[in-house]
Amino acid sequence: MDDIRGDETSGDGTGRAADGDGIRGAAAGTATVPLSVLDLVTVGQGRTATQALRTSVEIAKLTESRGFHRFWVAEHHSMPGVASSSPAVILAHIAAHTERIRLGSGGVMLPNHAPLVIAEQFGTLEAMAPGRIDLGLGRAPGTDGATAAALRRTDRLNEGADDFPQQLMELIRFLDDDFPDGHPYARIHAVPGPVQATSPGGVQSAHRPPVWLLGSSGFSARLAGTLGLPFAFAHHFSAQNTIPALDLYRESFRPSAVLDAPYALIGVSALAADDEREARRQVLTGALSMVRLRTGRPGLIPSPQEAEAYDFSPMEREFVDGWLGNVIHGTADEVRTGLDDLAKRTGADELMITANAHGGDARLRSYGLIADAYGLPAAS
């Protein structure tokens, strides 16, 4: 497989990332690993998708100014409380309001799309924000089965998941523009892309989005290791599988033109507030939202007042207790301790924090408090 790293960049104010290979980050302040952000563009009751998207821009600008490494958005569908159905569109918007922070998908659900379309979308993003784009890929639908069937125009959903390795290699071929002679796609080119450099008089950026594999089990962990790609694990909703998946990734890792050693980040749900009670109020909104999603009643993110007043059944309470047990929340110092312990316990190379709450103010406050706790640079 061809080299899919971005070129070495200097972080010299040109809007390009400071990390040398487009993958590895550098820890800032007193953090032991790089800190990043996963944003779901959540929509709370009484709020609009427009307000949610504006909040996402504010979070991206804040975390960029405080030294967070990257900002990713995830593909979800048919969920009223999650307005991130079009990662490429959102990332283009975020790119227009930021200069340095890496931007990417966490992730694009590849079986929902033709690989050529994703290559075109992320080639366009790379042209907009050279050296700053990550392409994270998952094989789940990011929704329920009926919605996935509508997206894919087929009810054979297992077919997409089973074909994921082939879809992945096809996508990489489009990104690199290197289908072999005789291949049915040899004369098809993803534009913007490398073909522009080979056209008469053409000049093409040397940058190309690094490909990440995402997962919540062992399948993508093994595949990422075998291909020598970076790996992102969804610890925030599959904590019981985190260490086994990371172990499998490291054991199966084979050095490649992309990486000479494994590099794994984990998504972690964390929210800091000025006191423990307020943190609990805020994260309870996300827990109630998950209860409704898991019982087929997805909706907008409830307010803290509604979540506190909700009469949980014994089964729902058991679910909430388990869910909140995997959410690091409390004061800034408590969250810092929890994040440090998690990084040490898992050996993760990077932590990607998602702060789920009803309102944008609570999420912005959380990222600011976490930055303060780690002594990250002051907001400019």
# chains A, B, ... in the order shown; residues from 1 in each chain; ligands from 1
>>> closest_atom_pairs(of="segment 16-41 of chain A", to="segment 342-353 of chain A", cutoff="6 Å", atoms="only C-alpha atoms", output="tab-separated table")
residue	atom	partner	partner_atom	distance
A:Val33	CA	A:Glu350	CA	5.3
A:Pro34	CA	A:Glu350	CA	5.0
A:Leu35	CA	A:Leu351	CA	5.1
A:Ser36	CA	A:Met352	CA	4.4
A:Val37	CA	A:Ile353	CA	4.8
A:Leu38	CA	A:Ile353	CA	5.8
>>> select_by_dssp(residues="segment 118-328 of chain A", states="strand (DSSP E or B)", output="MDAnalysis selection string")
chainID A and resid 133:138 211:215 231:233 264:272 301 328
>>> closest_residue(among="A:Leu271, A:Leu300, A:Val327, A:Leu125", to="Pro87 of chain A", atoms="only C-alpha atoms")
A:Leu125
>>> residues_around(residues="Thr55 of chain A", least_positions_apart="4", cutoff="9 Å", atoms="only C-alpha atoms", output="list in words")
Val41, Thr50, Gln51, Ile59, Ala60, Gly359, Gly360, Asp361, Arg363 and Leu364 of chain A
>>> closest_atom_pairs(of="segment 196-257 of chain A", to="segment 20-27 of chain A", cutoff="9 Å", atoms="only C-alpha atoms", output="tab-separated table")
residue	atom	partner	partner_atom	distance
A:Pro209	CA	A:Gly22	CA	8.0
A:Pro210	CA	A:Gly22	CA	6.6
A:Trp212	CA	A:Ile23	CA	8.9
A:Pro230	CA	A:Ile23	CA	7.5
>>> write_last_selection(atoms="N, CA, C and O atoms", output="PDB file, in the first residue's frame")
ATOM      1  N   PRO A 209      -5.256  13.081   3.112  1.00  0.00           N
ATOM      2  CA  PRO A 209      -5.760  12.795   4.457  1.00  0.00           C
ATOM      3  C   PRO A 209      -5.308  11.426   4.966  1.00  0.00           C
ATOM      4  O   PRO A 209      -5.484  10.421   4.270  1.00  0.00           O
ATOM      5  N   PRO A 210      -4.722  11.358   6.154  1.00  0.00           N
ATOM      6  CA  PRO A 210      -4.432  10.051   6.735  1.00  0.00           C
ATOM      7  C   PRO A 210      -5.730   9.286   6.984  1.00  0.00           C
ATOM      8  O   PRO A 210      -6.729   9.859   7.404  1.00  0.00           O
ATOM      9  N   TRP A 212      -7.774   6.590   9.132  1.00  0.00           N
ATOM     10  CA  TRP A 212      -7.878   5.925  10.429  1.00  0.00           C
ATOM     11  C   TRP A 212      -8.990   4.886  10.344  1.00  0.00           C
ATOM     12  O   TRP A 212      -9.983   5.086   9.651  1.00  0.00           O
ATOM     13  N   PRO A 230      -3.429   3.892  11.809  1.00  0.00           N
ATOM     14  CA  PRO A 230      -3.818   4.326  13.156  1.00  0.00           C
ATOM     15  C   PRO A 230      -5.228   3.849  13.479  1.00  0.00           C
ATOM     16  O   PRO A 230      -6.062   3.670  12.582  1.00  0.00           O
TER      17      PRO A 230
END
>>> closest_atom_pairs(of="segment 112-220 of chain A", to="segment 246-261 of chain A", cutoff="12 Å", atoms="only C-alpha atoms", output="Markdown table")
| residue | atom | partner | partner_atom | distance |
| --- | --- | --- | --- | --- |
| A:Arg208 | CA | A:Val258 | CA | 11.7 |
| A:Pro209 | CA | A:Val258 | CA | 11.4 |
| A:Pro210 | CA | A:Val258 | CA | 8.2 |
| A:Val211 | CA | A:Val258 | CA | 9.2 |
| A:Trp212 | CA | A:Val258 | CA | 10.5 |
| A:Leu213 | CA | A:Tyr249 | CA | 10.8 |
| A:Leu214 | CA | A:Tyr249 | CA | 11.4 |
| A:Gly215 | CA | A:Leu246 | CA | 10.3 |
| A:Ser216 | CA | A:Leu246 | CA | 10.3 |
| A:Ser217 | CA | A:Leu246 | CA | 9.5 |
| A:Gly218 | CA | A:Leu248 | CA | 6.9 |
| A:Phe219 | CA | A:Leu248 | CA | 9.3 |
| A:Ser220 | CA | A:Tyr249 | CA | 8.4 |
>>> write_last_selection(atoms="C-alpha atoms", output="mmCIF file, in the first residue's frame")
data_model
loop_
_atom_site.group_PDB
_atom_site.id
_atom_site.type_symbol
_atom_site.label_atom_id
_atom_site.label_comp_id
_atom_site.auth_asym_id
_atom_site.auth_seq_id
_atom_site.Cartn_x
_atom_site.Cartn_y
_atom_site.Cartn_z
ATOM 1 C CA ARG A 208 -3.460 13.545 1.498
ATOM 2 C CA PRO A 209 -5.760 12.795 4.457
ATOM 3 C CA PRO A 210 -4.432 10.051 6.735
ATOM 4 C CA VAL A 211 -6.857 7.136 6.960
ATOM 5 C CA TRP A 212 -7.878 5.925 10.429
ATOM 6 C CA LEU A 213 -9.936 2.862 11.262
ATOM 7 C CA LEU A 214 -12.556 3.176 13.988
ATOM 8 C CA GLY A 215 -14.104 0.405 15.988
ATOM 9 C CA SER A 216 -15.897 -0.797 19.107
ATOM 10 C CA SER A 217 -14.790 -4.439 18.848
ATOM 11 C CA GLY A 218 -11.892 -6.456 17.521
ATOM 12 C CA PHE A 219 -12.595 -6.475 13.757
ATOM 13 C CA SER A 220 -11.264 -3.018 12.906
#
>>> select_by_dssp(residues="segment 21-237 of chain A", states="alpha helix (DSSP H)", output="PyMOL selection string")
chain A and resi 49-65+87-95+115-128+145-152+157-162+164-176+195-198+218-227
>>> closest_residue(among="A:Ala83, A:Asp177, A:Trp72, A:Ala146", to="Ile133 of chain A", atoms="only C-alpha atoms")
A:Trp72
>>> residues_around(residues="Gly368 of chain A", least_positions_apart="4", cutoff="8 Å", atoms="only C-alpha atoms", output="ChimeraX atom specification")
/A:62-63,66,364,372
>>> residues_around(residues="Ala239 of chain A", least_positions_apart="4", cutoff="8 Å", atoms="only C-alpha atoms", output="list of chain:residue names")
A:Ala234, A:His235, A:Asn326
>>> residues_around(residues="Tyr374 of chain A", least_positions_apart="5", cutoff="8 Å", atoms="only C-alpha atoms", output="number ranges by chain")
A: 28-31, 336
>>> closest_residue(among="A:Gly286, A:Gly67, A:Gly136, A:Gly81", to="Glu308 of chain A", atoms="only C-alpha atoms")
A:Gly286
>>> closest_residue(among="A:Ile101, A:Ile90, A:Val268, A:Leu53", to="Asn356 of chain A", atoms="only C-alpha atoms")
A:Val268
>>> closest_residue(among="A:Pro302, A:Gly325, A:Gly107, A:Gly330", to="Asp274 of chain A", atoms="only C-alpha atoms")
A:Gly330
>>> closest_residue(among="A:Leu40, A:Ile301, A:Ala245, A:Ala92", to="Pro80 of chain A", atoms="only C-alpha atoms")
A:Ile301
>>> atom_distance(atom1="atom CA of Ser366 of chain A", atom2="atom CA of Lys61 of chain A")
14.2 Å
>>> decode(residues="segment 184-199 of chain A", atoms="all heavy atoms", output="PDB file, in the first residue's frame")
ATOM      1  N   PRO A 184     -11.027  -1.939 -13.751  1.00  0.00           N
ATOM      2  CA  PRO A 184     -12.175  -1.189 -14.283  1.00  0.00           C
ATOM      3  C   PRO A 184     -12.186   0.285 -13.889  1.00  0.00           C
ATOM      4  O   PRO A 184     -12.793   1.100 -14.601  1.00  0.00           O
ATOM      5  CB  PRO A 184     -13.376  -1.926 -13.671  1.00  0.00           C
ATOM      6  CG  PRO A 184     -12.881  -3.299 -13.371  1.00  0.00           C
ATOM      7  CD  PRO A 184     -11.442  -3.143 -13.015  1.00  0.00           C
ATOM      8  N   TYR A 185     -11.517   0.634 -12.775  1.00  0.00           N
ATOM      9  CA  TYR A 185     -11.504   2.015 -12.318  1.00  0.00           C
ATOM     10  C   TYR A 185     -10.202   2.747 -12.645  1.00  0.00           C
ATOM     11  O   TYR A 185      -9.979   3.847 -12.165  1.00  0.00           O
ATOM     12  CB  TYR A 185     -11.743   2.075 -10.809  1.00  0.00           C
ATOM     13  CG  TYR A 185     -13.077   1.539 -10.353  1.00  0.00           C
ATOM     14  CD1 TYR A 185     -13.260   1.125  -9.038  1.00  0.00           C
ATOM     15  CD2 TYR A 185     -14.150   1.448 -11.233  1.00  0.00           C
ATOM     16  CE1 TYR A 185     -14.485   0.636  -8.606  1.00  0.00           C
ATOM     17  CE2 TYR A 185     -15.381   0.951 -10.815  1.00  0.00           C
ATOM     18  CZ  TYR A 185     -15.539   0.544  -9.490  1.00  0.00           C
ATOM     19  OH  TYR A 185     -16.754   0.056  -9.086  1.00  0.00           O
ATOM     20  N   ALA A 186      -9.366   2.144 -13.449  1.00  0.00           N
ATOM     21  CA  ALA A 186      -8.050   2.736 -13.705  1.00  0.00           C
ATOM     22  C   ALA A 186      -8.144   4.110 -14.349  1.00  0.00           C
ATOM     23  O   ALA A 186      -7.247   4.946 -14.183  1.00  0.00           O
ATOM     24  CB  ALA A 186      -7.213   1.797 -14.579  1.00  0.00           C
ATOM     25  N   ARG A 187      -9.218   4.381 -15.086  1.00  0.00           N
ATOM     26  CA  ARG A 187      -9.359   5.660 -15.780  1.00  0.00           C
ATOM     27  C   ARG A 187     -10.307   6.624 -15.044  1.00  0.00           C
ATOM     28  O   ARG A 187     -10.687   7.648 -15.570  1.00  0.00           O
ATOM     29  CB  ARG A 187      -9.859   5.425 -17.209  1.00  0.00           C
ATOM     30  CG  ARG A 187      -8.868   4.632 -18.071  1.00  0.00           C
ATOM     31  CD  ARG A 187      -9.471   4.277 -19.421  1.00  0.00           C
ATOM     32  NE  ARG A 187      -9.821   5.471 -20.201  1.00  0.00           N
ATOM     33  CZ  ARG A 187      -8.966   6.145 -20.971  1.00  0.00           C
ATOM     34  NH1 ARG A 187      -7.706   5.712 -21.077  1.00  0.00           N
ATOM     35  NH2 ARG A 187      -9.357   7.204 -21.655  1.00  0.00           N
ATOM     36  N   ILE A 188     -10.651   6.240 -13.802  1.00  0.00           N
ATOM     37  CA  ILE A 188     -11.521   7.088 -12.981  1.00  0.00           C
ATOM     38  C   ILE A 188     -10.674   7.757 -11.914  1.00  0.00           C
ATOM     39  O   ILE A 188      -9.833   7.109 -11.283  1.00  0.00           O
ATOM     40  CB  ILE A 188     -12.639   6.256 -12.331  1.00  0.00           C
ATOM     41  CG1 ILE A 188     -13.498   5.599 -13.420  1.00  0.00           C
ATOM     42  CG2 ILE A 188     -13.504   7.121 -11.415  1.00  0.00           C
ATOM     43  CD1 ILE A 188     -14.523   4.631 -12.881  1.00  0.00           C
ATOM     44  N   HIS A 189     -10.880   9.030 -11.692  1.00  0.00           N
ATOM     45  CA  HIS A 189     -10.033   9.784 -10.772  1.00  0.00           C
ATOM     46  C   HIS A 189     -10.883  10.571  -9.777  1.00  0.00           C
ATOM     47  O   HIS A 189     -11.876  11.201 -10.155  1.00  0.00           O
ATOM     48  CB  HIS A 189      -9.140  10.758 -11.544  1.00  0.00           C
ATOM     49  CG  HIS A 189      -8.417  10.135 -12.684  1.00  0.00           C
ATOM     50  ND1 HIS A 189      -7.341   9.294 -12.517  1.00  0.00           N
ATOM     51  CD2 HIS A 189      -8.645  10.200 -14.026  1.00  0.00           C
ATOM     52  CE1 HIS A 189      -6.910   8.875 -13.689  1.00  0.00           C
ATOM     53  NE2 HIS A 189      -7.693   9.408 -14.629  1.00  0.00           N
ATOM     54  N   ALA A 190     -10.475  10.523  -8.512  1.00  0.00           N
ATOM     55  CA  ALA A 190     -11.108  11.343  -7.484  1.00  0.00           C
ATOM     56  C   ALA A 190     -10.507  12.745  -7.560  1.00  0.00           C
ATOM     57  O   ALA A 190      -9.293  12.915  -7.436  1.00  0.00           O
ATOM     58  CB  ALA A 190     -10.867  10.746  -6.104  1.00  0.00           C
ATOM     59  N   VAL A 191     -11.348  13.728  -7.776  1.00  0.00           N
ATOM     60  CA  VAL A 191     -10.905  15.119  -7.934  1.00  0.00           C
ATOM     61  C   VAL A 191     -11.642  15.977  -6.915  1.00  0.00           C
ATOM     62  O   VAL A 191     -12.866  15.886  -6.815  1.00  0.00           O
ATOM     63  CB  VAL A 191     -11.188  15.620  -9.361  1.00  0.00           C
ATOM     64  CG1 VAL A 191     -10.780  17.076  -9.518  1.00  0.00           C
ATOM     65  CG2 VAL A 191     -10.448  14.757 -10.394  1.00  0.00           C
ATOM     66  N   PRO A 192     -10.886  16.813  -6.164  1.00  0.00           N
ATOM     67  CA  PRO A 192      -9.441  17.039  -6.173  1.00  0.00           C
ATOM     68  C   PRO A 192      -8.662  15.781  -5.758  1.00  0.00           C
ATOM     69  O   PRO A 192      -9.116  15.028  -4.908  1.00  0.00           O
ATOM     70  CB  PRO A 192      -9.246  18.151  -5.139  1.00  0.00           C
ATOM     71  CG  PRO A 192     -10.581  18.820  -5.013  1.00  0.00           C
ATOM     72  CD  PRO A 192     -11.577  17.720  -5.232  1.00  0.00           C
ATOM     73  N   GLY A 193      -7.491  15.633  -6.366  1.00  0.00           N
ATOM     74  CA  GLY A 193      -6.669  14.483  -6.058  1.00  0.00           C
ATOM     75  C   GLY A 193      -5.398  14.467  -6.876  1.00  0.00           C
ATOM     76  O   GLY A 193      -5.113  15.390  -7.651  1.00  0.00           O
ATOM     77  N   PRO A 194      -4.615  13.385  -6.747  1.00  0.00           N
ATOM     78  CA  PRO A 194      -3.292  13.317  -7.377  1.00  0.00           C
ATOM     79  C   PRO A 194      -3.295  13.448  -8.888  1.00  0.00           C
ATOM     80  O   PRO A 194      -2.285  13.851  -9.475  1.00  0.00           O
ATOM     81  CB  PRO A 194      -2.771  11.940  -6.943  1.00  0.00           C
ATOM     82  CG  PRO A 194      -3.498  11.636  -5.680  1.00  0.00           C
ATOM     83  CD  PRO A 194      -4.859  12.236  -5.851  1.00  0.00           C
ATOM     84  N   VAL A 195      -4.398  13.095  -9.546  1.00  0.00           N
ATOM     85  CA  VAL A 195      -4.418  13.159 -11.005  1.00  0.00           C
ATOM     86  C   VAL A 195      -4.141  14.570 -11.508  1.00  0.00           C
ATOM     87  O   VAL A 195      -3.602  14.757 -12.612  1.00  0.00           O
ATOM     88  CB  VAL A 195      -5.767  12.647 -11.561  1.00  0.00           C
ATOM     89  CG1 VAL A 195      -6.908  13.593 -11.205  1.00  0.00           C
ATOM     90  CG2 VAL A 195      -5.691  12.451 -13.068  1.00  0.00           C
ATOM     91  N   GLN A 196      -4.465  15.568 -10.715  1.00  0.00           N
ATOM     92  CA  GLN A 196      -4.249  16.940 -11.157  1.00  0.00           C
ATOM     93  C   GLN A 196      -2.768  17.265 -11.310  1.00  0.00           C
ATOM     94  O   GLN A 196      -2.394  18.102 -12.126  1.00  0.00           O
ATOM     95  CB  GLN A 196      -4.934  17.905 -10.186  1.00  0.00           C
ATOM     96  CG  GLN A 196      -6.451  17.812 -10.287  1.00  0.00           C
ATOM     97  CD  GLN A 196      -7.173  18.454  -9.124  1.00  0.00           C
ATOM     98  OE1 GLN A 196      -6.792  18.274  -7.975  1.00  0.00           O
ATOM     99  NE2 GLN A 196      -8.213  19.201  -9.423  1.00  0.00           N
ATOM    100  N   ALA A 197      -1.935  16.578 -10.538  1.00  0.00           N
ATOM    101  CA  ALA A 197      -0.498  16.811 -10.655  1.00  0.00           C
ATOM    102  C   ALA A 197       0.079  16.190 -11.922  1.00  0.00           C
ATOM    103  O   ALA A 197       1.134  16.611 -12.397  1.00  0.00           O
ATOM    104  CB  ALA A 197       0.227  16.259  -9.427  1.00  0.00           C
ATOM    105  N   THR A 198      -0.609  15.182 -12.457  1.00  0.00           N
ATOM    106  CA  THR A 198      -0.099  14.502 -13.648  1.00  0.00           C
ATOM    107  C   THR A 198      -0.705  15.052 -14.931  1.00  0.00           C
ATOM    108  O   THR A 198      -0.333  14.625 -16.016  1.00  0.00           O
ATOM    109  CB  THR A 198      -0.382  12.998 -13.562  1.00  0.00           C
ATOM    110  OG1 THR A 198      -1.805  12.789 -13.528  1.00  0.00           O
ATOM    111  CG2 THR A 198       0.233  12.397 -12.304  1.00  0.00           C
ATOM    112  N   SER A 199      -1.636  15.979 -14.813  1.00  0.00           N
ATOM    113  CA  SER A 199      -2.215  16.615 -15.998  1.00  0.00           C
ATOM    114  C   SER A 199      -1.266  17.688 -16.510  1.00  0.00           C
ATOM    115  O   SER A 199      -0.488  18.260 -15.732  1.00  0.00           O
ATOM    116  CB  SER A 199      -3.566  17.242 -15.644  1.00  0.00           C
ATOM    117  OG  SER A 199      -4.464  16.257 -15.180  1.00  0.00           O
TER     118      SER A 199
END
